[in-house]
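Peer 1: Let me give you the structure first, and then I'll get to my questions.
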Amino acid sequence: MELLEAIRSRRTTNGPFQPVPVKPEHQRLLIEAASRAPSHFNSQPWRFILIEDETIRRRIAEIGGQTMTQLMEEGKFFQRYRKYFRFNQAELEARRDGILIDQLPAPLRPFIRQVFSDKGLFLMNKLGVPRTLGEDNTKLVASSPLILAVLLTKDEYKPAELSGYYCLLSMGMAVENIWLTCGDLGMGIQFVSTPMEVPEAWDQIKSILHVPDDLELMALYRLGYLPENQKRPRIDWTSSQRKRMSQLVYRDVISPETRWPEDLTS
Ligand SMILES: Cc1cc2nc3c(=O)[nH]c(=O)nc-3n(C[C@H](O)[C@H](O)[C@H](O)COP(=O)(O)O)c2cc1C
């Protein structure tokens, strides 16, 4: 795949993968691509766990689903992320960012806007929506043939210090390399982020994975080969919309006059 084509077609996969293991040579390529990323002083502070064991994947999947249910039931999910929800094309077009909520399971449609109020949340909980979505998520993660854990070495990752900041930049670049390589290999990848948002759940995952004290568990992803026919999932957390160049770029200094001209926008 051409590099630009790979960059342009990179997506988050939020549907199921083919129920087949990821070939060892592909696993190797993913990690090789990650390790080719730049890092401060070539420190390569990242470490990875490739998780194929069915019992471990299931335990992680259960924690993923439970934390999604918990965060939604408590309203934390909606409080934290309401600013990213776009409910129609016009809203999306105005900002060109966030997630377009344009297809929802029928029972959810009447309250998606009200979900941000106490009353809406009460109704959603009464209907068991967080539970259904959590269970969907558990199935999705458990049926993913590969889970990838990304870690940083604590001798480099010191959040209050410069090396901590550099580690985050380096890790982001390593993960992007993995993401782009997935595209080349006919694979998909998705963040599994809800366990990270519940500290006790994150501790459980660390203990399941035997993460030692000198490593910090940073992120989890599920991966696999893309099916031939990718149906859009019931709730699609992805959006291919991107900001206009004029919303992103200035020339030389920042001022309204130095914005990238609209007519050069592709
Ligand atoms: C730090 C970070 C956390 C994310 N968390 C999630 C997540 O929990 N679930 C998910 O499906 N996607 C997650 N994403 C993916 C974004 O939602 C996605 O990149 C964005 O909506 C654009 O869609 P695209 O990746 O298909 O271009 C995350 C991305 C980043 C960089």
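All residue names refer to the structure tokens as shown: chains lettered A, B, ... in order, residues numbered from 1 in each chain, ligands numbered from 1 in order.
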Using only C-alpha atoms and all ligand atoms, find each residue in chain A having at least one atom no more than 10 Å away from ligand 1; report its shortest atom-to-atom pair and that distance in Å (one decimal), rows by chain then rising number, as a Markdown table.

Peer 2:
```
| residue | atom | partner | partner_atom_place_in_ligand_line | distance |
| --- | --- | --- | --- | --- |
| A:Ile7 | CA | ligand 1 | 27 (O) | 9.6 |
| A:Arg8 | CA | ligand 1 | 27 (O) | 8.8 |
| A:Ser9 | CA | ligand 1 | 27 (O) | 8.3 |
| A:Arg10 | CA | ligand 1 | 27 (O) | 6.3 |
| A:Arg11 | CA | ligand 1 | 26 (O) | 3.4 |
| A:Thr12 | CA | ligand 1 | 26 (O) | 3.8 |
| A:Thr13 | CA | ligand 1 | 26 (O) | 6.8 |
| A:Asn14 | CA | ligand 1 | 11 (O) | 5.7 |
| A:Gly15 | CA | ligand 1 | 11 (O) | 9.4 |
| A:Gly64 | CA | ligand 1 | 8 (O) | 9.9 |
| A:Met68 | CA | ligand 1 | 8 (O) | 9.6 |
| A:Tyr84 | CA | ligand 1 | 21 (O) | 9.3 |
| A:Asp97 | CA | ligand 1 | 21 (O) | 8.4 |
| A:Gly98 | CA | ligand 1 | 21 (O) | 6.6 |
| A:Ile99 | CA | ligand 1 | 21 (O) | 5.9 |
| A:Leu100 | CA | ligand 1 | 21 (O) | 9.0 |
| A:Gly172 | CA | ligand 1 | 31 (C) | 8.1 |
| A:Val175 | CA | ligand 1 | 31 (C) | 9.5 |
| A:Glu176 | CA | ligand 1 | 31 (C) | 9.3 |
| A:Trp179 | CA | ligand 1 | 25 (O) | 9.3 |
| A:Ile189 | CA | ligand 1 | 11 (O) | 8.9 |
| A:Gln190 | CA | ligand 1 | 11 (O) | 5.4 |
| A:Phe191 | CA | ligand 1 | 7 (C) | 4.6 |
| A:Val192 | CA | ligand 1 | 8 (O) | 5.1 |
| A:Ser193 | CA | ligand 1 | 8 (O) | 4.0 |
| A:Thr194 | CA | ligand 1 | 8 (O) | 6.1 |
| A:Pro195 | CA | ligand 1 | 8 (O) | 9.3 |
| A:Met196 | CA | ligand 1 | 8 (O) | 9.2 |
| A:Glu197 | CA | ligand 1 | 8 (O) | 9.6 |
| A:Ala219 | CA | ligand 1 | 1 (C) | 8.7 |
| A:Leu220 | CA | ligand 1 | 8 (O) | 9.3 |
| A:Tyr221 | CA | ligand 1 | 7 (C) | 8.9 |
| A:Arg222 | CA | ligand 1 | 11 (O) | 9.9 |
| A:Ile235 | CA | ligand 1 | 11 (O) | 9.9 |
| A:Asp236 | CA | ligand 1 | 11 (O) | 8.0 |
| A:Trp237 | CA | ligand 1 | 11 (O) | 5.4 |
| A:Thr238 | CA | ligand 1 | 21 (O) | 4.0 |
| A:Ser239 | CA | ligand 1 | 23 (O) | 4.6 |
| A:Ser240 | CA | ligand 1 | 27 (O) | 5.0 |
| A:Gln241 | CA | ligand 1 | 27 (O) | 7.8 |
| A:Arg242 | CA | ligand 1 | 27 (O) | 8.5 |
```

Peer 1: From the DSSP assignment of the backbone, select every residue of stretch 160-209 of chain A that is helix (DSSP H, G or I), and format the answer as JSON, numbers by chain.

Peer 2: {"A": [162, 163, 164, 165, 166, 167, 168, 169, 170, 171, 172, 173, 174, 175, 176, 177, 178, 179, 180, 181, 182, 183, 184, 194, 195, 196, 197, 199, 200, 201, 202, 203, 204, 205, 206, 207, 208]}

Peer 1: Would you please work out which residue, of A:His210, A:Lys76, A:Arg232, A:Arg251, is nearest to A:Asp118 when using only C-alpha atoms?

Peer 2: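 Looking at the shortest contact to A:Asp118, the residue is A:Lys76.
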
Peer 1: I'd like the contact shell of A:Arg47 - 8 Å cut-off, only C-alpha atoms, skipping same-chain residues fewer than 3 positions apart - returned as an MDAnalysis selection string.

Peer 2: chainID A and resid 150:153

Peer 1: Quote the spacing between atom CA of A:Glu262 and atom CA of A:Glu93 in Å to one decimal place.

Peer 2: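 Separation of atom CA of A:Glu262 and atom CA of A:Glu93: 14.8 Å.
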
Peer 1: What's the separation between atom CA of A:Gln27 and atom CA of A:Trp46, in Å to one decimal place?

Peer 2: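 Separating atom CA of A:Gln27 from atom CA of A:Trp46 is a distance of 15.9 Å.
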
Peer 1: Once DSSP has gone over the backbone, tell me which residues of stretch 27-240 of chain A are in strand (DSSP E), as a VMD selection string.

Peer 2: chain A and resid 46 to 51 85 to 86 99 to 100 146 to 153 187 to 191 215 to 225

Peer 1: Can you write out the residues you just picked, keeping N, CA and C atoms, as an mmCIF file, in the first residue's frame?

Peer 2:
```cif
data_model
loop_
_atom_site.group_PDB
_atom_site.id
_atom_site.type_symbol
_atom_site.label_atom_id
_atom_site.label_comp_id
_atom_site.auth_asym_id
_atom_site.auth_seq_id
_atom_site.Cartn_x
_atom_site.Cartn_y
_atom_site.Cartn_z
ATOM 1 N N TRP A 46 9.001 1.933 24.946
ATOM 2 C CA TRP A 46 7.785 1.123 24.840
ATOM 3 C C TRP A 46 8.048 -0.357 25.032
ATOM 4 N N ARG A 47 7.066 -1.033 25.562
ATOM 5 C CA ARG A 47 7.068 -2.503 25.639
ATOM 6 C C ARG A 47 5.673 -2.953 25.217
ATOM 7 N N PHE A 48 5.552 -4.188 24.776
ATOM 8 C CA PHE A 48 4.262 -4.667 24.268
ATOM 9 C C PHE A 48 3.949 -6.051 24.826
ATOM 10 N N ILE A 49 2.671 -6.324 25.014
ATOM 11 C CA ILE A 49 2.247 -7.703 25.304
ATOM 12 C C ILE A 49 1.249 -8.081 24.218
ATOM 13 N N LEU A 50 1.547 -9.182 23.528
ATOM 14 C CA LEU A 50 0.620 -9.709 22.518
ATOM 15 C C LEU A 50 -0.213 -10.786 23.200
ATOM 16 N N ILE A 51 -1.495 -10.563 23.306
ATOM 17 C CA ILE A 51 -2.345 -11.463 24.095
ATOM 18 C C ILE A 51 -3.265 -12.267 23.185
ATOM 19 N N PHE A 85 -19.972 14.768 21.001
ATOM 20 C CA PHE A 85 -21.092 14.165 20.280
ATOM 21 C C PHE A 85 -21.685 15.152 19.279
ATOM 22 N N ARG A 86 -21.844 14.715 18.033
ATOM 23 C CA ARG A 86 -22.535 15.517 17.013
ATOM 24 C C ARG A 86 -23.764 14.724 16.594
ATOM 25 N N ILE A 99 -17.652 12.959 17.091
ATOM 26 C CA ILE A 99 -18.217 11.696 16.618
ATOM 27 C C ILE A 99 -19.655 11.952 16.184
ATOM 28 N N LEU A 100 -19.976 11.544 14.981
ATOM 29 C CA LEU A 100 -21.343 11.723 14.482
ATOM 30 C C LEU A 100 -22.225 10.570 14.964
ATOM 31 N N LEU A 146 -6.629 -10.947 18.806
ATOM 32 C CA LEU A 146 -5.392 -10.429 19.408
ATOM 33 C C LEU A 146 -5.705 -9.162 20.212
ATOM 34 N N ILE A 147 -5.188 -9.153 21.436
ATOM 35 C CA ILE A 147 -5.238 -7.913 22.220
ATOM 36 C C ILE A 147 -3.799 -7.475 22.432
ATOM 37 N N LEU A 148 -3.594 -6.188 22.256
ATOM 38 C CA LEU A 148 -2.243 -5.645 22.400
ATOM 39 C C LEU A 148 -2.218 -4.693 23.590
ATOM 40 N N ALA A 149 -1.288 -4.949 24.503
ATOM 41 C CA ALA A 149 -1.087 -4.011 25.617
ATOM 42 C C ALA A 149 0.184 -3.221 25.328
ATOM 43 N N VAL A 150 0.098 -1.908 25.499
ATOM 44 C CA VAL A 150 1.271 -1.052 25.298
ATOM 45 C C VAL A 150 1.707 -0.520 26.662
ATOM 46 N N LEU A 151 3.001 -0.642 26.926
ATOM 47 C CA LEU A 151 3.541 -0.225 28.226
ATOM 48 C C LEU A 151 4.723 0.705 28.015
ATOM 49 N N LEU A 152 5.058 1.443 29.068
ATOM 50 C CA LEU A 152 6.265 2.268 29.034
ATOM 51 C C LEU A 152 7.146 1.889 30.217
ATOM 52 N N THR A 153 8.454 1.968 30.014
ATOM 53 C CA THR A 153 9.358 1.681 31.130
ATOM 54 C C THR A 153 9.341 2.873 32.087
ATOM 55 N N MET A 187 -5.779 -5.718 8.319
ATOM 56 C CA MET A 187 -6.238 -5.827 9.705
ATOM 57 C C MET A 187 -6.900 -4.536 10.175
ATOM 58 N N GLY A 188 -7.625 -4.645 11.283
ATOM 59 C CA GLY A 188 -8.213 -3.476 11.924
ATOM 60 C C GLY A 188 -7.741 -3.407 13.365
ATOM 61 N N ILE A 189 -7.959 -2.257 13.993
ATOM 62 C CA ILE A 189 -7.515 -2.040 15.379
ATOM 63 C C ILE A 189 -8.461 -1.060 16.052
ATOM 64 N N GLN A 190 -8.692 -1.285 17.332
ATOM 65 C CA GLN A 190 -9.540 -0.358 18.108
ATOM 66 C C GLN A 190 -9.018 -0.257 19.543
ATOM 67 N N PHE A 191 -9.038 0.960 20.065
ATOM 68 C CA PHE A 191 -8.732 1.191 21.478
ATOM 69 C C PHE A 191 -9.741 0.462 22.352
ATOM 70 N N LEU A 215 7.202 -1.258 35.026
ATOM 71 C CA LEU A 215 6.527 -0.910 33.768
ATOM 72 C C LEU A 215 5.172 -0.277 34.071
ATOM 73 N N GLU A 216 4.794 0.695 33.228
ATOM 74 C CA GLU A 216 3.471 1.328 33.367
ATOM 75 C C GLU A 216 2.598 0.863 32.209
ATOM 76 N N LEU A 217 1.462 0.268 32.551
ATOM 77 C CA LEU A 217 0.521 -0.136 31.498
ATOM 78 C C LEU A 217 -0.171 1.118 30.977
ATOM 79 N N MET A 218 -0.079 1.361 29.664
ATOM 80 C CA MET A 218 -0.574 2.627 29.113
ATOM 81 C C MET A 218 -1.852 2.485 28.298
ATOM 82 N N ALA A 219 -1.993 1.401 27.538
ATOM 83 C CA ALA A 219 -3.161 1.316 26.653
ATOM 84 C C ALA A 219 -3.402 -0.123 26.210
ATOM 85 N N LEU A 220 -4.654 -0.386 25.859
ATOM 86 C CA LEU A 220 -5.044 -1.694 25.327
ATOM 87 C C LEU A 220 -5.729 -1.505 23.979
ATOM 88 N N TYR A 221 -5.464 -2.422 23.070
ATOM 89 C CA TYR A 221 -6.110 -2.393 21.750
ATOM 90 C C TYR A 221 -6.576 -3.797 21.421
ATOM 91 N N ARG A 222 -7.633 -3.885 20.609
ATOM 92 C CA ARG A 222 -8.020 -5.195 20.062
ATOM 93 C C ARG A 222 -7.765 -5.149 18.564
ATOM 94 N N LEU A 223 -7.281 -6.281 18.047
ATOM 95 C CA LEU A 223 -6.877 -6.332 16.639
ATOM 96 C C LEU A 223 -7.329 -7.635 15.999
ATOM 97 N N GLY A 224 -7.398 -7.616 14.682
ATOM 98 C CA GLY A 224 -7.708 -8.835 13.940
ATOM 99 C C GLY A 224 -7.847 -8.507 12.459
ATOM 100 N N TYR A 225 -8.097 -9.558 11.680
ATOM 101 C CA TYR A 225 -8.298 -9.332 10.241
ATOM 102 C C TYR A 225 -9.714 -8.830 9.998
#
```

Peer 1: Using only C-alpha atoms for the distances, tell me which of A:Leu180, A:Gln44, A:Arg82, A:Pro130 is nearest to A:Tyr157.

Peer 2: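 Smallest separation from A:Tyr157 among the options: A:Gln44.
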
Peer 1: Would you kindly return, as a PyMOL selection string, each protein, DNA or RNA residue with an atom no farther than 10 Å from any atom of A:Asn125, considering only C-alpha atoms and excluding same-chain residues fewer than 3 positions away?

Peer 2: chain A and resi 69+72-75+115+119-122+128-131

Peer 1: Mind writing the picked residues with N, CA and C atoms as a short mmCIF file (atom, residue, chain, number, x, y, z; two decimals), in the first residue's frame?

Peer 2:
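Full text of out27.cif as output:
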```cif
data_model
loop_
_atom_site.label_atom_id
_atom_site.label_comp_id
_atom_site.auth_asym_id
_atom_site.auth_seq_id
_atom_site.Cartn_x
_atom_site.Cartn_y
_atom_site.Cartn_z
N THR A 69 -20.29 -0.40 31.09
CA THR A 69 -21.60 -0.31 31.75
C THR A 69 -21.53 0.64 32.94
N MET A 72 -21.21 4.31 32.04
CA MET A 72 -22.45 4.84 31.47
C MET A 72 -23.52 4.98 32.53
N GLU A 73 -23.66 3.95 33.36
CA GLU A 73 -24.71 4.00 34.41
C GLU A 73 -24.48 5.18 35.36
N GLU A 74 -23.22 5.42 35.69
CA GLU A 74 -22.92 6.52 36.63
C GLU A 74 -23.01 7.89 35.96
N GLY A 75 -23.15 7.88 34.63
CA GLY A 75 -23.24 9.15 33.90
C GLY A 75 -21.88 9.75 33.59
N VAL A 115 -29.84 12.23 27.17
CA VAL A 115 -29.01 11.37 28.01
C VAL A 115 -28.08 12.20 28.89
N LYS A 119 -32.60 13.08 34.10
CA LYS A 119 -33.82 12.34 33.76
C LYS A 119 -33.53 11.33 32.63
N GLY A 120 -32.80 11.81 31.62
CA GLY A 120 -32.48 10.95 30.48
C GLY A 120 -31.64 9.76 30.92
N LEU A 121 -30.70 10.04 31.81
CA LEU A 121 -29.82 8.99 32.30
C LEU A 121 -30.62 7.95 33.09
N PHE A 122 -31.54 8.45 33.91
CA PHE A 122 -32.39 7.56 34.71
C PHE A 122 -33.17 6.62 33.78
N GLY A 128 -31.95 -0.45 30.76
CA GLY A 128 -30.81 -1.37 30.71
C GLY A 128 -29.87 -1.13 29.54
N VAL A 129 -29.89 0.12 29.02
CA VAL A 129 -29.05 0.40 27.84
C VAL A 129 -27.55 0.23 28.15
N PRO A 130 -27.05 0.77 29.28
CA PRO A 130 -25.61 0.59 29.55
C PRO A 130 -25.21 -0.88 29.62
N ARG A 131 -26.12 -1.68 30.18
CA ARG A 131 -25.81 -3.11 30.30
C ARG A 131 -25.71 -3.75 28.91
#
```

Peer 1: In terms of the shortest atom-to-atom distance over only C-alpha atoms, which of A:Thr258, A:Glu52, A:Asn88, A:Ile101 is closest to A:Val20?

Peer 2: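 Among the listed residues, the smallest separation from A:Val20 belongs to A:Glu52.
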
Peer 1: Excluding A:Pro19 and any residue of its chain fewer than 6 positions from it, enumerate the residues within 8 Å of it, using only C-alpha atoms, and give them as a ChimeraX atom specification.

Peer 2: /A:143-145

Peer 1: Grab the residues selected above and save them as a PDB file, in the first residue's frame with all heavy atoms.

Peer 2:
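Just written: again.pdb:
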```pdb
ATOM      1  N   SER A 143     -14.067 -11.693  21.212  1.00  0.00           N
ATOM      2  CA  SER A 143     -13.965 -12.385  19.918  1.00  0.00           C
ATOM      3  C   SER A 143     -12.827 -11.821  19.065  1.00  0.00           C
ATOM      4  O   SER A 143     -12.638 -12.253  17.924  1.00  0.00           O
ATOM      5  CB  SER A 143     -15.290 -12.262  19.158  1.00  0.00           C
ATOM      6  OG  SER A 143     -15.515 -10.909  18.838  1.00  0.00           O
ATOM      7  N   SER A 144     -12.086 -10.881  19.596  1.00  0.00           N
ATOM      8  CA  SER A 144     -10.939 -10.345  18.842  1.00  0.00           C
ATOM      9  C   SER A 144      -9.757 -11.285  19.040  1.00  0.00           C
ATOM     10  O   SER A 144      -9.396 -11.589  20.185  1.00  0.00           O
ATOM     11  CB  SER A 144     -10.574  -8.945  19.345  1.00  0.00           C
ATOM     12  OG  SER A 144     -11.686  -8.108  19.259  1.00  0.00           O
ATOM     13  N   PRO A 145      -9.132 -11.736  17.955  1.00  0.00           N
ATOM     14  CA  PRO A 145      -8.079 -12.748  18.119  1.00  0.00           C
ATOM     15  C   PRO A 145      -6.832 -12.256  18.830  1.00  0.00           C
ATOM     16  O   PRO A 145      -6.084 -13.047  19.393  1.00  0.00           O
ATOM     17  CB  PRO A 145      -7.754 -13.151  16.673  1.00  0.00           C
ATOM     18  CG  PRO A 145      -8.318 -12.089  15.812  1.00  0.00           C
ATOM     19  CD  PRO A 145      -9.452 -11.457  16.560  1.00  0.00           C
TER      20      PRO A 145
END
```

Peer 1: Pick from A:Ala61, A:Leu169, A:Ala90, A:Ala142: nearest to A:Pro38, with only C-alpha atoms counted?

Peer 2: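 Looking at the shortest contact to A:Pro38, the residue is A:Leu169.
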
Peer 1: Given only C-alpha atoms as the basis, pick out the residue of A:Cys182, A:Leu127, A:Leu248, A:Leu71 nearest to A:Val198.

Peer 2: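 Using only C-alpha atoms, the shortest distance to A:Val198 belongs to A:Leu71.
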
Peer 1: Just to confirm, what's the straight-line distance from atom CA of A:Leu226 to atom CA of A:His26 in Å (one decimal)?

Peer 2: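 Going from atom CA of A:Leu226 over to atom CA of A:His26, I get 13.7 Å.
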
Peer 1: Which one of A:Asp102, A:Pro233, A:Glu200, A:Asp155 sits closest to A:Asp213 if you count only C-alpha atoms?

Peer 2: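 Smallest separation from A:Asp213 among the options: A:Asp155.
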